[in-house]
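Q: Handing you a structure now.
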Amino acid sequence: MSRTPILLVHGGAWAIPDDMTEAHERGVRHALEAGYSLLAKGASAVDAVEAAVAVLEDDDTFDAGCGSFLTRDGRVQLDALLMDGGTMRAGGVACVERLRNPIHAARLVLDKSPHVYFVGEGAEEFAQAHGMELIDNSELVLERERERLKEAQAKERAGLPDLTFAGDDKSPETAAHLASHDTVGAVAVDAKGNLAAATSTGGTLNKMPGRVGDSSLIGCGCYADNLSAAVSLTGWGEPIMKLVLGKWATDRVQQGRSPEQVAPEAIAYLYKRMGGHGGIILLDPNGRYGLAHNTPRMAWGIYDAQGPRTGIAVESY
Ligand code: ASP
């Protein structure tokens with residue numbers, strides 16, 4: 001039996017400024033096209049989410065791959081996770097500095113290793129041993145990001161909160177929570193009804209080297225299980241990790257609630273329990289899905305039987 005595949009992607013949830021919305025929607029659309037063209041040919045959900053996320057990693061609009069936020073010491077450090085809901089195989093990498101596409105390294109871990117998660121040099125060496133090129137970290141660093149880091153550090157020295165992305169509400173609390181969250185992710189169900197999820201990030205601006213957020217941790221920023229749902233999150237990582245929010249959401253789908261109900265509930269729980277902000281995409285094996293965010297905007301896209309649609313806020317969907 002074959003079903004119509006569905007692919008959902010996100011390109012971060014934050015106060016995306018007006019002059020950046022077009023680039024976000026364009027990036028999301030390209031990712032949908034890359035992923036769905038595979039699904040339409042009968043490829044697996046894992047292949048589709050990997051391809052979609054690789055497109056977003058290659059697009060310097062987003063905080064993933066080239067163009068990511070910089071660590072305190074001016075480097076790019078990347079985290080990514082890929083999970084196959086049909087087999088429950090997963091592959092994750094964190095704190096990698098010399099890989100252009102960490103999601104491909106995550107795929108290699110998923111396919112070729114008895115282990116699930118590699119970090120730092122070990123992850124890079126594993127990827128290289130399986131044919132991936134190691135690049136210089138400077139190839140991932142943009143001048144735009146050097147400037148952004150300088151600004152954040154100057155504000156930090158002056159004891160000022162980073163208000164850049166706080167929208168209309170300039171309270172320090174809001175500013176901290178609404179800092180730019182441009183992580184990327186995808187979830188898909190393929191023609192065979194198998195689910196997969198992928199999330200990739202450069203983490204948070206001015207992070208301490210070695211810091212890992214929710215994005216690449218199983219059950220936090222990414223999870224997939226055919227018995228429940230596939231999920232990818234974006235937002236302030238520490239609260240999402242503490243709530244294991246991806247698994248929280250998929251468990252509720254398994255208990256019989258629809259992804260459409262659960263997605264906003266997960267974001268409400270994130271805020272109520274931890275004061276966190278972020279966004280979620282959630283898809284079950286029957287093709288039911290939910291999208292939600294409590295940031296001013298979230299870049300999202302869906303490709304199903306009706307074709308591709310993108311948006312910059314879920315309210316407008
Ligand atoms: N969740 C990511 C992290 O904390 C950031 C983001 O979503 O942009 O690393």
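Identifiers for the structure tokens are assigned positionally: chains receive A, B, ... in sequence, residues are indexed from 1 per chain, and ligands are indexed from 1 in the order shown.
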For Glu50 in chain A, work out the shell of residues within 12 Å, counting only C-alpha atoms and skipping chain neighbours fewer than 5 positions away, then give it as a PyMOL selection string.

A: chain A and resi 7+9+31-32+34-36+38-39+43-45+55-57+80-84+91+101-108+110+184-188+196-200

Q: What residues have any atom no more than 10 Å from ligand 1 when counting only C-alpha atoms and all ligand atoms, and can you list them as number ranges by chain?

A: A: 11-14, 62-64, 68-69, 78-80, 179-185, 199-205, 207, 211-216, 220-221, 232-241, 277-280

Q: When you count only C-alpha atoms, which of these residues is closest to Val116 in chain A: A:Val93, A:Ala51, A:Leu282, A:Ala224?

A: A:Val93

Q: By how many Å are CA of Arg75 in chain A and CA of Glu22 in chain A apart?

A: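 Straight-line distance from CA of Arg75 in chain A to CA of Glu22 in chain A works out to 27.2 Å.
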
Q: In Å, rounded to a single decimal, give me how far CA of Lys272 in chain A is from CA of Gly159 in chain A.

A: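 Taking CA of Gly159 in chain A and CA of Lys272 in chain A, their separation equals 27.4 Å.
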
Q: Taking the chain letters and numbering used in this document, name the residues of range 115-309 of chain A that DSSP puts in strand (DSSP E or B), as a VMD selection string.

A: chain A and resid 117 to 119 184 to 189 195 to 201 207 218 222 to 224 230 to 235 278 to 283 289 to 293 297 to 304 307 to 309

Q: Might you pull out every residue within 8 Å of Tyr117 in chain A, with only C-alpha atoms counted and same-chain residues fewer than 2 positions away left off, and present them as a ChimeraX atom specification?

A: /A:91-94,109,115,119

Q: Excluding Gly219 in chain A and any residue of its chain fewer than 5 positions from it, enumerate the residues within 6 Å of it, using only C-alpha atoms, and give them as a list of chain:residue names.

A: A:Val244, A:Gly246, A:Lys247

Q: Distance CA of Gly74 in chain A-CA of Leu217 in chain A, one decimal place?

A: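 Distance reported for this atom pair: 23.7 Å.
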
Q: From the set A:Gln261, A:Gln128, A:Ser228, A:Ser113, which residue has the shortest atom-to-atom contact distance to Ala292 in chain A, counting only C-alpha atoms?

A: A:Gln261
